[in-house]
Amino acid sequence: MDKIKRQIAELESEMTEKDFWQDENTAKAVGQKYNDLKTQFEDWQKLKSEADELLSLSKISENDEELEKEILNKFLQLEKEFNRLEFFFLFSGQYDTGSAVISIHAGTGGVDAQDWAQILMRMYLRFCERHKFKTKILDQNDGAEAGLKSVVLEVLGVGAYGWLKSENGVHRLVRISPFDAEKMRHTSFALVEVLPDITEDAKFEVKDSDLKIEVMRAGGHGGQSVNTTDSAVRITHVPSGLSVKCQNERSQLQNKNTAMKILRGKLHKYFDAQENDKLKKIKGDYQKAEWGAQARSYVMQPYQLVKDHRTEYETPDISRVLDGEIDDFVESYLRSKVVN
């Protein structure tokens, strides 16, 4: 609590500077962090106060069964609240408390992989709905027969990136294919890429001279004014070769702004990899969506099991997981990072 208190005081000092509002994006980000820390501090204060009260009650509860029962129930409530608050300390990364962008790409497996990409999109949409995160489809490329070749989702909410960064990697599905007349078992892959939603106050500079910007006519289902004007935008960062395309907004300017936001997230990962000497080959996708690279496996037949290969956490309840209840996988991943 002392650490949070110091952080609040530092932000308060920063917010009183006379040129604080000159950069509106940075000011909003600082203001949001300030509000989040104040809420967190108040929650911990309330928990401490209730725990002290419970401790006092426990000293006079001897031989009072009703009071002991009341204390036990209150303790269980406080323990649940403590676990909730403690969980947010696992969000130790620079952008963990911010919003996120999720890209899903169908990999090896043909139409089954495209259907798998759509199943994953539904899983994440249900997860976000449960956690009251707002979602928006930024770009979508439908499969010819079924499913999705790729989709990009924006997830807005406090802690969205911290919650979802565990999903980064290749997801493998084993099932009896609904697209196979012989009802054979098929293995499909999809790549999930989770990026932080980074505003212009990022630690690196994106020079205009390093960008190649192309405009084109949007594809897909579209809507009013979509598919009739050159509103789609692709931005390529020439030095790294990273490229982002956005087409779901109505105007070219909106698509450009959204594409830049995603590109900053990609560049954050790119530069982080360089700093940690872990840069491999970054040209669009960070891993190939195929055998040997999976972060998590989902097996429907001949048995049911979801297993995270990074933490060894597993559950046989695949239907619950695909319905968006991935909290246990997220927590086991975050705790493993703290231990490591």
# chains A, B, ... in the order shown; residues from 1 in each chain; ligands from 1

call {"tool": "residues_around", "arguments": {"residues": "Val30 in chain A", "least_positions_apart": "5", "cutoff": "10 Å", "atoms": "only C-alpha atoms", "output": "ChimeraX atom specification"}}
result
/A:11-12,14-15,20,24-25,35-36

call {"tool": "write_last_selection", "arguments": {"atoms": "N, CA and C atoms", "output": "PDB file, in the first residue's frame"}}
result
ATOM      1  N   LEU A  11       2.165  10.758  -9.545  1.00  0.00           N
ATOM      2  CA  LEU A  11       1.249  11.105 -10.646  1.00  0.00           C
ATOM      3  C   LEU A  11       0.536  12.427 -10.362  1.00  0.00           C
ATOM      4  N   GLU A  12       0.144  12.648  -9.111  1.00  0.00           N
ATOM      5  CA  GLU A  12      -0.494  13.918  -8.741  1.00  0.00           C
ATOM      6  C   GLU A  12       0.443  15.095  -9.032  1.00  0.00           C
ATOM      7  N   GLU A  14       2.863  15.112 -11.261  1.00  0.00           N
ATOM      8  CA  GLU A  14       2.967  15.228 -12.720  1.00  0.00           C
ATOM      9  C   GLU A  14       1.753  15.943 -13.314  1.00  0.00           C
ATOM     10  N   MET A  15       0.583  15.671 -12.764  1.00  0.00           N
ATOM     11  CA  MET A  15      -0.656  16.245 -13.299  1.00  0.00           C
ATOM     12  C   MET A  15      -0.819  17.731 -12.979  1.00  0.00           C
ATOM     13  N   PHE A  20       1.008  19.984 -18.666  1.00  0.00           N
ATOM     14  CA  PHE A  20       0.544  18.591 -18.619  1.00  0.00           C
ATOM     15  C   PHE A  20      -0.408  18.257 -19.767  1.00  0.00           C
ATOM     16  N   GLU A  24      -2.422  15.541 -25.298  1.00  0.00           N
ATOM     17  CA  GLU A  24      -3.694  15.034 -24.768  1.00  0.00           C
ATOM     18  C   GLU A  24      -3.673  13.524 -24.549  1.00  0.00           C
ATOM     19  N   ASN A  25      -3.063  12.769 -25.478  1.00  0.00           N
ATOM     20  CA  ASN A  25      -3.022  11.307 -25.352  1.00  0.00           C
ATOM     21  C   ASN A  25      -2.258  10.877 -24.102  1.00  0.00           C
ATOM     22  N   ASN A  35      -6.359   7.175 -11.743  1.00  0.00           N
ATOM     23  CA  ASN A  35      -7.663   6.697 -11.263  1.00  0.00           C
ATOM     24  C   ASN A  35      -7.617   5.218 -10.891  1.00  0.00           C
ATOM     25  N   ASP A  36      -6.919   4.423 -11.708  1.00  0.00           N
ATOM     26  CA  ASP A  36      -6.805   2.984 -11.433  1.00  0.00           C
ATOM     27  C   ASP A  36      -6.079   2.729 -10.114  1.00  0.00           C
TER      28      ASP A  36
END

call {"tool": "residues_around", "arguments": {"residues": "range 72-74 of chain A", "least_positions_apart": "3", "cutoff": "10 Å", "atoms": "only C-alpha atoms", "output": "ChimeraX atom specification"}}
result
/A:50-51,54,58,66-69,77-80

call {"tool": "write_last_selection", "arguments": {"atoms": "C-alpha atoms", "output": "mmCIF file, in the first residue's frame"}}
result
data_model
loop_
_atom_site.group_PDB
_atom_site.id
_atom_site.type_symbol
_atom_site.label_atom_id
_atom_site.label_comp_id
_atom_site.auth_asym_id
_atom_site.auth_seq_id
_atom_site.Cartn_x
_atom_site.Cartn_y
_atom_site.Cartn_z
ATOM 1 C CA GLU A 50 -12.542 -5.271 7.356
ATOM 2 C CA ALA A 51 -9.748 -7.733 8.234
ATOM 3 C CA LEU A 54 -12.774 -9.495 11.793
ATOM 4 C CA SER A 58 -12.546 -13.419 16.566
ATOM 5 C CA GLU A 66 -23.501 -18.001 15.688
ATOM 6 C CA LEU A 67 -20.723 -15.440 15.832
ATOM 7 C CA GLU A 68 -18.128 -18.031 14.792
ATOM 8 C CA LYS A 69 -20.283 -18.960 11.804
ATOM 9 C CA GLN A 77 -15.618 -13.322 1.470
ATOM 10 C CA LEU A 78 -12.451 -11.440 2.421
ATOM 11 C CA GLU A 79 -10.258 -14.255 1.131
ATOM 12 C CA LYS A 80 -12.025 -14.092 -2.239
#

call {"tool": "residues_around", "arguments": {"residues": "range 234-240 of chain A", "least_positions_apart": "6", "cutoff": "6 Å", "atoms": "only C-alpha atoms", "output": "NGL selection string"}}
result
:A and (210-214)

call {"tool": "closest_residue", "arguments": {"among": "A:Asp197, A:Gln22, A:Ser188, A:Ser209", "to": "Tyr95 in chain A", "atoms": "only C-alpha atoms"}}
result
A:Asp197

call {"tool": "residues_around", "arguments": {"residues": "range 302-308 of chain A", "least_positions_apart": "6", "cutoff": "12 Å", "atoms": "only C-alpha atoms", "output": "VMD selection string"}}
result
chain A and resid 166 to 176 184 to 186 293 to 296 314 to 322 325 to 326 328 to 333 336

call {"tool": "write_last_selection", "arguments": {"atoms": "C-alpha atoms", "output": "mmCIF file, in the first residue's frame"}}
result
data_model
loop_
_atom_site.group_PDB
_atom_site.id
_atom_site.type_symbol
_atom_site.label_atom_id
_atom_site.label_comp_id
_atom_site.auth_asym_id
_atom_site.auth_seq_id
_atom_site.Cartn_x
_atom_site.Cartn_y
_atom_site.Cartn_z
ATOM 1 C CA SER A 166 -1.039 -15.273 -22.085
ATOM 2 C CA GLU A 167 -2.916 -16.184 -25.289
ATOM 3 C CA ASN A 168 -0.009 -15.235 -27.535
ATOM 4 C CA GLY A 169 1.177 -18.249 -29.532
ATOM 5 C CA VAL A 170 -0.038 -21.176 -31.636
ATOM 6 C CA HIS A 171 -3.255 -22.949 -30.596
ATOM 7 C CA ARG A 172 -3.712 -26.558 -31.792
ATOM 8 C CA LEU A 173 -7.080 -28.312 -32.200
ATOM 9 C CA VAL A 174 -7.615 -32.067 -32.558
ATOM 10 C CA ARG A 175 -11.152 -33.172 -33.459
ATOM 11 C CA ILE A 176 -13.283 -35.181 -35.875
ATOM 12 C CA MET A 184 -11.646 -38.604 -39.765
ATOM 13 C CA ARG A 185 -9.710 -36.888 -37.001
ATOM 14 C CA HIS A 186 -7.952 -33.696 -38.129
ATOM 15 C CA ALA A 293 5.246 -24.445 -31.989
ATOM 16 C CA GLN A 294 1.987 -24.717 -30.042
ATOM 17 C CA ALA A 295 1.356 -22.827 -26.816
ATOM 18 C CA ARG A 296 -1.851 -24.692 -26.048
ATOM 19 C CA GLU A 314 -4.739 -28.608 -18.020
ATOM 20 C CA THR A 315 -8.462 -29.288 -17.751
ATOM 21 C CA PRO A 316 -10.814 -31.855 -19.362
ATOM 22 C CA ASP A 317 -13.661 -29.304 -19.523
ATOM 23 C CA ILE A 318 -13.091 -28.158 -23.105
ATOM 24 C CA SER A 319 -16.632 -26.837 -23.613
ATOM 25 C CA ARG A 320 -16.242 -24.427 -20.682
ATOM 26 C CA VAL A 321 -12.889 -23.206 -22.032
ATOM 27 C CA LEU A 322 -14.235 -22.652 -25.550
ATOM 28 C CA GLU A 325 -13.680 -19.386 -19.284
ATOM 29 C CA ILE A 326 -9.895 -19.237 -19.649
ATOM 30 C CA ASP A 328 -7.303 -20.393 -14.817
ATOM 31 C CA PHE A 329 -4.990 -20.607 -17.850
ATOM 32 C CA VAL A 330 -4.318 -16.871 -17.643
ATOM 33 C CA GLU A 331 -3.522 -16.992 -13.918
ATOM 34 C CA SER A 332 -1.242 -20.047 -14.188
ATOM 35 C CA TYR A 333 0.679 -18.315 -17.007
ATOM 36 C CA SER A 336 4.715 -18.872 -13.815
#

call {"tool": "residues_around", "arguments": {"residues": "Ser150 in chain A", "least_positions_apart": "3", "cutoff": "12 Å", "atoms": "only C-alpha atoms", "output": "JSON, numbers by chain"}}
result
{"A": [102, 103, 104, 105, 106, 107, 113, 114, 115, 116, 117, 118, 119, 120, 121, 137, 138, 139, 140, 141, 142, 143, 144, 146, 147, 153, 190, 191, 192, 193, 220, 245, 246, 285]}

call {"tool": "atom_distance", "arguments": {"atom1": "CA of Glu145 in chain A", "atom2": "CA of Ile262 in chain A"}}
result
28.2 Å

call {"tool": "select_by_dssp", "arguments": {"residues": "range 151-265 of chain A", "states": "strand (DSSP E or B)", "output": "JSON, numbers by chain"}}
result
{"A": [151, 152, 153, 154, 155, 156, 169, 170, 171, 172, 173, 174, 175, 176, 185, 186, 187, 188, 189, 190, 191, 192, 193, 194, 195, 196, 211, 212, 213, 214, 215, 216, 232, 233, 234, 235, 236, 237, 242, 243, 244, 245, 246]}

call {"tool": "atom_distance", "arguments": {"atom1": "CA of Val152 in chain A", "atom2": "CA of Val101 in chain A"}}
result
7.0 Å

call {"tool": "closest_residue", "arguments": {"among": "A:Lys132, A:Lys183, A:Lys165, A:Lys207", "to": "Lys269 in chain A", "atoms": "only C-alpha atoms"}}
result
A:Lys165

call {"tool": "residues_around", "arguments": {"residues": "Lys261 in chain A", "least_positions_apart": "2", "cutoff": "12 Å", "atoms": "only C-alpha atoms", "output": "mmCIF file with N, CA and C atoms, in the first residue's frame"}}
result
data_model
loop_
_atom_site.group_PDB
_atom_site.id
_atom_site.type_symbol
_atom_site.label_atom_id
_atom_site.label_comp_id
_atom_site.auth_asym_id
_atom_site.auth_seq_id
_atom_site.Cartn_x
_atom_site.Cartn_y
_atom_site.Cartn_z
ATOM 1 N N SER A 99 -5.291 -1.430 -22.721
ATOM 2 C CA SER A 99 -6.108 -2.199 -23.667
ATOM 3 C C SER A 99 -5.216 -3.062 -24.560
ATOM 4 N N ALA A 100 -5.839 -3.849 -25.435
ATOM 5 C CA ALA A 100 -5.085 -4.811 -26.245
ATOM 6 C C ALA A 100 -5.662 -4.931 -27.649
ATOM 7 N N VAL A 101 -4.856 -5.489 -28.533
ATOM 8 C CA VAL A 101 -5.287 -5.843 -29.891
ATOM 9 C C VAL A 101 -4.952 -7.311 -30.094
ATOM 10 N N LEU A 138 -11.567 -4.882 -36.063
ATOM 11 C CA LEU A 138 -10.851 -3.879 -36.850
ATOM 12 C C LEU A 138 -10.606 -4.339 -38.278
ATOM 13 N N GLU A 154 -10.000 -5.299 -31.405
ATOM 14 C CA GLU A 154 -9.545 -4.346 -30.399
ATOM 15 C C GLU A 154 -10.300 -4.637 -29.111
ATOM 16 N N LEU A 195 -1.229 -7.896 -28.822
ATOM 17 C CA LEU A 195 -0.380 -6.707 -28.794
ATOM 18 C C LEU A 195 -0.934 -5.689 -27.816
ATOM 19 N N PRO A 196 -0.069 -4.923 -27.162
ATOM 20 C CA PRO A 196 -0.566 -3.834 -26.303
ATOM 21 C C PRO A 196 -1.094 -2.692 -27.150
ATOM 22 N N ASP A 197 -2.112 -2.040 -26.681
ATOM 23 C CA ASP A 197 -2.693 -0.871 -27.358
ATOM 24 C C ASP A 197 -1.861 0.339 -26.936
ATOM 25 N N ILE A 198 -0.919 0.721 -27.781
ATOM 26 C CA ILE A 198 0.067 1.737 -27.411
ATOM 27 C C ILE A 198 -0.252 3.067 -28.075
ATOM 28 N N THR A 199 -0.308 4.120 -27.274
ATOM 29 C CA THR A 199 -0.492 5.470 -27.813
ATOM 30 C C THR A 199 0.871 6.046 -28.178
ATOM 31 N N GLU A 200 0.894 7.280 -28.601
ATOM 32 C CA GLU A 200 2.123 7.867 -29.125
ATOM 33 C C GLU A 200 3.166 8.157 -28.058
ATOM 34 N N ASP A 201 2.863 7.892 -26.794
ATOM 35 C CA ASP A 201 3.857 8.134 -25.746
ATOM 36 C C ASP A 201 4.763 6.926 -25.538
ATOM 37 N N ALA A 202 4.808 6.042 -26.524
ATOM 38 C CA ALA A 202 5.649 4.852 -26.409
ATOM 39 C C ALA A 202 7.125 5.235 -26.357
ATOM 40 N N VAL A 206 8.433 6.375 -34.051
ATOM 41 C CA VAL A 206 8.104 5.863 -35.376
ATOM 42 C C VAL A 206 8.226 7.027 -36.355
ATOM 43 N N ILE A 235 -0.136 -0.170 -43.786
ATOM 44 C CA ILE A 235 1.067 0.569 -43.404
ATOM 45 C C ILE A 235 2.193 -0.429 -43.159
ATOM 46 N N SER A 243 4.028 -5.212 -41.195
ATOM 47 C CA SER A 243 2.950 -4.616 -41.985
ATOM 48 C C SER A 243 1.609 -4.804 -41.294
ATOM 49 N N VAL A 244 0.750 -3.797 -41.384
ATOM 50 C CA VAL A 244 -0.589 -3.847 -40.782
ATOM 51 C C VAL A 244 -1.603 -3.317 -41.788
ATOM 52 N N LYS A 245 -2.732 -4.018 -41.903
ATOM 53 C CA LYS A 245 -3.806 -3.565 -42.794
ATOM 54 C C LYS A 245 -5.077 -3.400 -41.988
ATOM 55 N N CYS A 246 -5.829 -2.327 -42.248
ATOM 56 C CA CYS A 246 -7.105 -2.100 -41.568
ATOM 57 C C CYS A 246 -8.119 -1.616 -42.595
ATOM 58 N N GLN A 254 -9.666 7.069 -40.405
ATOM 59 C CA GLN A 254 -9.904 6.184 -39.258
ATOM 60 C C GLN A 254 -9.105 4.898 -39.388
ATOM 61 N N ASN A 255 -9.097 4.329 -40.610
ATOM 62 C CA ASN A 255 -8.341 3.103 -40.834
ATOM 63 C C ASN A 255 -6.841 3.335 -40.650
ATOM 64 N N LYS A 256 -6.363 4.490 -41.075
ATOM 65 C CA LYS A 256 -4.941 4.809 -40.924
ATOM 66 C C LYS A 256 -4.569 4.915 -39.438
ATOM 67 N N ASN A 257 -5.405 5.622 -38.661
ATOM 68 C CA ASN A 257 -5.131 5.784 -37.229
ATOM 69 C C ASN A 257 -5.134 4.437 -36.504
ATOM 70 N N THR A 258 -6.108 3.582 -36.868
ATOM 71 C CA THR A 258 -6.198 2.265 -36.234
ATOM 72 C C THR A 258 -5.002 1.400 -36.612
ATOM 73 N N ALA A 259 -4.613 1.430 -37.891
ATOM 74 C CA ALA A 259 -3.463 0.650 -38.344
ATOM 75 C C ALA A 259 -2.186 1.097 -37.640
ATOM 76 N N LEU A 263 0.334 -1.113 -35.403
ATOM 77 C CA LEU A 263 1.743 -1.157 -35.782
ATOM 78 C C LEU A 263 2.642 -0.819 -34.596
ATOM 79 N N ARG A 264 2.226 0.153 -33.765
ATOM 80 C CA ARG A 264 3.027 0.495 -32.585
ATOM 81 C C ARG A 264 3.142 -0.716 -31.657
ATOM 82 N N GLY A 265 2.037 -1.469 -31.515
ATOM 83 C CA GLY A 265 2.075 -2.675 -30.690
ATOM 84 C C GLY A 265 3.038 -3.709 -31.240
ATOM 85 N N LYS A 266 3.030 -3.890 -32.563
ATOM 86 C CA LYS A 266 3.950 -4.839 -33.197
ATOM 87 C C LYS A 266 5.403 -4.388 -33.000
ATOM 88 N N LEU A 267 5.630 -3.091 -33.148
ATOM 89 C CA LEU A 267 6.991 -2.566 -33.000
ATOM 90 C C LEU A 267 7.476 -2.692 -31.553
ATOM 91 N N HIS A 268 6.541 -2.549 -30.599
ATOM 92 C CA HIS A 268 6.899 -2.749 -29.185
ATOM 93 C C HIS A 268 7.463 -4.150 -28.992
#

call {"tool": "atom_distance", "arguments": {"atom1": "CA of Gln247 in chain A", "atom2": "CA of Ala232 in chain A"}}
result
4.2 Å

call {"tool": "select_by_dssp", "arguments": {"residues": "range 115-231 of chain A", "states": "helix (DSSP H, G or I)", "output": "list in words"}}
result
Asp115, Trp116, Ala117, Gln118, Ile119, Leu120, Met121, Arg122, Met123, Tyr124, Leu125, Arg126, Phe127, Cys128, Glu129, Arg130, Ala160, Tyr161, Gly162, Trp163, Leu164, Lys165, Ser166, Glu167, Asp208, Ser209 and Asp210 of chain A

call {"tool": "write_last_selection", "arguments": {"atoms": "N, CA and C atoms", "output": "JSON list (two decimals), in the first residue's frame"}}
result
[["chain", "number", "residue", "atom", "x", "y", "z"],
["A", 115, "ASP", "N", -12.08, -22.60, -39.65],
["A", 115, "ASP", "CA", -13.17, -22.77, -38.69],
["A", 115, "ASP", "C", -12.65, -22.64, -37.26],
["A", 116, "TRP", "N", -11.45, -23.18, -37.01],
["A", 116, "TRP", "CA", -10.82, -23.09, -35.70],
["A", 116, "TRP", "C", -10.53, -21.63, -35.33],
["A", 117, "ALA", "N", -10.10, -20.84, -36.30],
["A", 117, "ALA", "CA", -9.85, -19.42, -36.05],
["A", 117, "ALA", "C", -11.13, -18.72, -35.61],
["A", 118, "GLN", "N", -12.25, -19.10, -36.23],
["A", 118, "GLN", "CA", -13.54, -18.49, -35.86],
["A", 118, "GLN", "C", -13.97, -18.94, -34.46],
["A", 119, "ILE", "N", -13.72, -20.19, -34.11],
["A", 119, "ILE", "CA", -14.04, -20.70, -32.76],
["A", 119, "ILE", "C", -13.25, -19.93, -31.71],
["A", 120, "LEU", "N", -11.96, -19.69, -32.00],
["A", 120, "LEU", "CA", -11.12, -18.93, -31.07],
["A", 120, "LEU", "C", -11.62, -17.49, -30.92],
["A", 121, "MET", "N", -12.05, -16.88, -32.03],
["A", 121, "MET", "CA", -12.58, -15.53, -31.94],
["A", 121, "MET", "C", -13.80, -15.50, -31.01],
["A", 122, "ARG", "N", -14.68, -16.47, -31.16],
["A", 122, "ARG", "CA", -15.86, -16.54, -30.29],
["A", 122, "ARG", "C", -15.43, -16.72, -28.84],
["A", 123, "MET", "N", -14.41, -17.56, -28.59],
["A", 123, "MET", "CA", -13.93, -17.79, -27.22],
["A", 123, "MET", "C", -13.47, -16.49, -26.59],
["A", 124, "TYR", "N", -12.70, -15.70, -27.33],
["A", 124, "TYR", "CA", -12.18, -14.44, -26.78],
["A", 124, "TYR", "C", -13.28, -13.40, -26.63],
["A", 125, "LEU", "N", -14.24, -13.39, -27.54],
["A", 125, "LEU", "CA", -15.36, -12.45, -27.41],
["A", 125, "LEU", "C", -16.19, -12.77, -26.16],
["A", 126, "ARG", "N", -16.40, -14.06, -25.89],
["A", 126, "ARG", "CA", -17.15, -14.45, -24.69],
["A", 126, "ARG", "C", -16.35, -14.11, -23.43],
["A", 127, "PHE", "N", -15.03, -14.33, -23.47],
["A", 127, "PHE", "CA", -14.17, -13.98, -22.34],
["A", 127, "PHE", "C", -14.26, -12.48, -22.05],
["A", 128, "CYS", "N", -14.17, -11.67, -23.10],
["A", 128, "CYS", "CA", -14.23, -10.21, -22.94],
["A", 128, "CYS", "C", -15.59, -9.76, -22.42],
["A", 129, "GLU", "N", -16.63, -10.42, -22.87],
["A", 129, "GLU", "CA", -17.98, -10.09, -22.41],
["A", 129, "GLU", "C", -18.10, -10.35, -20.92],
["A", 130, "ARG", "N", -17.55, -11.47, -20.44],
["A", 130, "ARG", "CA", -17.61, -11.81, -19.02],
["A", 130, "ARG", "C", -16.83, -10.81, -18.18],
["A", 160, "ALA", "N", -6.82, -5.23, -19.92],
["A", 160, "ALA", "CA", -7.12, -6.15, -21.03],
["A", 160, "ALA", "C", -5.85, -6.84, -21.53],
["A", 161, "TYR", "N", -4.77, -6.08, -21.71],
["A", 161, "TYR", "CA", -3.54, -6.68, -22.21],
["A", 161, "TYR", "C", -2.94, -7.64, -21.18],
["A", 162, "GLY", "N", -2.98, -7.26, -19.90],
["A", 162, "GLY", "CA", -2.47, -8.14, -18.85],
["A", 162, "GLY", "C", -3.20, -9.47, -18.83],
["A", 163, "TRP", "N", -4.51, -9.43, -19.02],
["A", 163, "TRP", "CA", -5.33, -10.64, -19.04],
["A", 163, "TRP", "C", -5.03, -11.50, -20.27],
["A", 164, "LEU", "N", -4.87, -10.86, -21.42],
["A", 164, "LEU", "CA", -4.86, -11.59, -22.68],
["A", 164, "LEU", "C", -3.48, -11.94, -23.23],
["A", 165, "LYS", "N", -2.41, -11.38, -22.67],
["A", 165, "LYS", "CA", -1.09, -11.64, -23.25],
["A", 165, "LYS", "C", -0.69, -13.11, -23.14],
["A", 166, "SER", "N", -1.32, -13.84, -22.22],
["A", 166, "SER", "CA", -1.04, -15.27, -22.08],
["A", 166, "SER", "C", -1.48, -16.06, -23.31],
["A", 167, "GLU", "N", -2.36, -15.47, -24.14],
["A", 167, "GLU", "CA", -2.92, -16.18, -25.29],
["A", 167, "GLU", "C", -2.01, -16.13, -26.50],
["A", 208, "ASP", "N", 8.07, 9.05, -39.81],
["A", 208, "ASP", "CA", 7.24, 9.04, -41.03],
["A", 208, "ASP", "C", 8.03, 8.53, -42.22],
["A", 209, "SER", "N", 9.32, 8.83, -42.25],
["A", 209, "SER", "CA", 10.16, 8.41, -43.39],
["A", 209, "SER", "C", 10.36, 6.90, -43.45],
["A", 210, "ASP", "N", 10.08, 6.20, -42.33],
["A", 210, "ASP", "CA", 10.22, 4.74, -42.29],
["A", 210, "ASP", "C", 8.94, 4.00, -42.68]]

call {"tool": "residues_around", "arguments": {"residues": "Gln40 in chain A", "least_positions_apart": "3", "cutoff": "12 Å", "atoms": "only C-alpha atoms", "output": "ChimeraX atom specification"}}
result
/A:1,3-5,7-8,33-37,43-47,81-82,84-89,158

call {"tool": "closest_residue", "arguments": {"among": "A:Glu312, A:Thr108, A:Leu148, A:Phe41", "to": "Asp2 in chain A", "atoms": "only C-alpha atoms"}}
result
A:Phe41
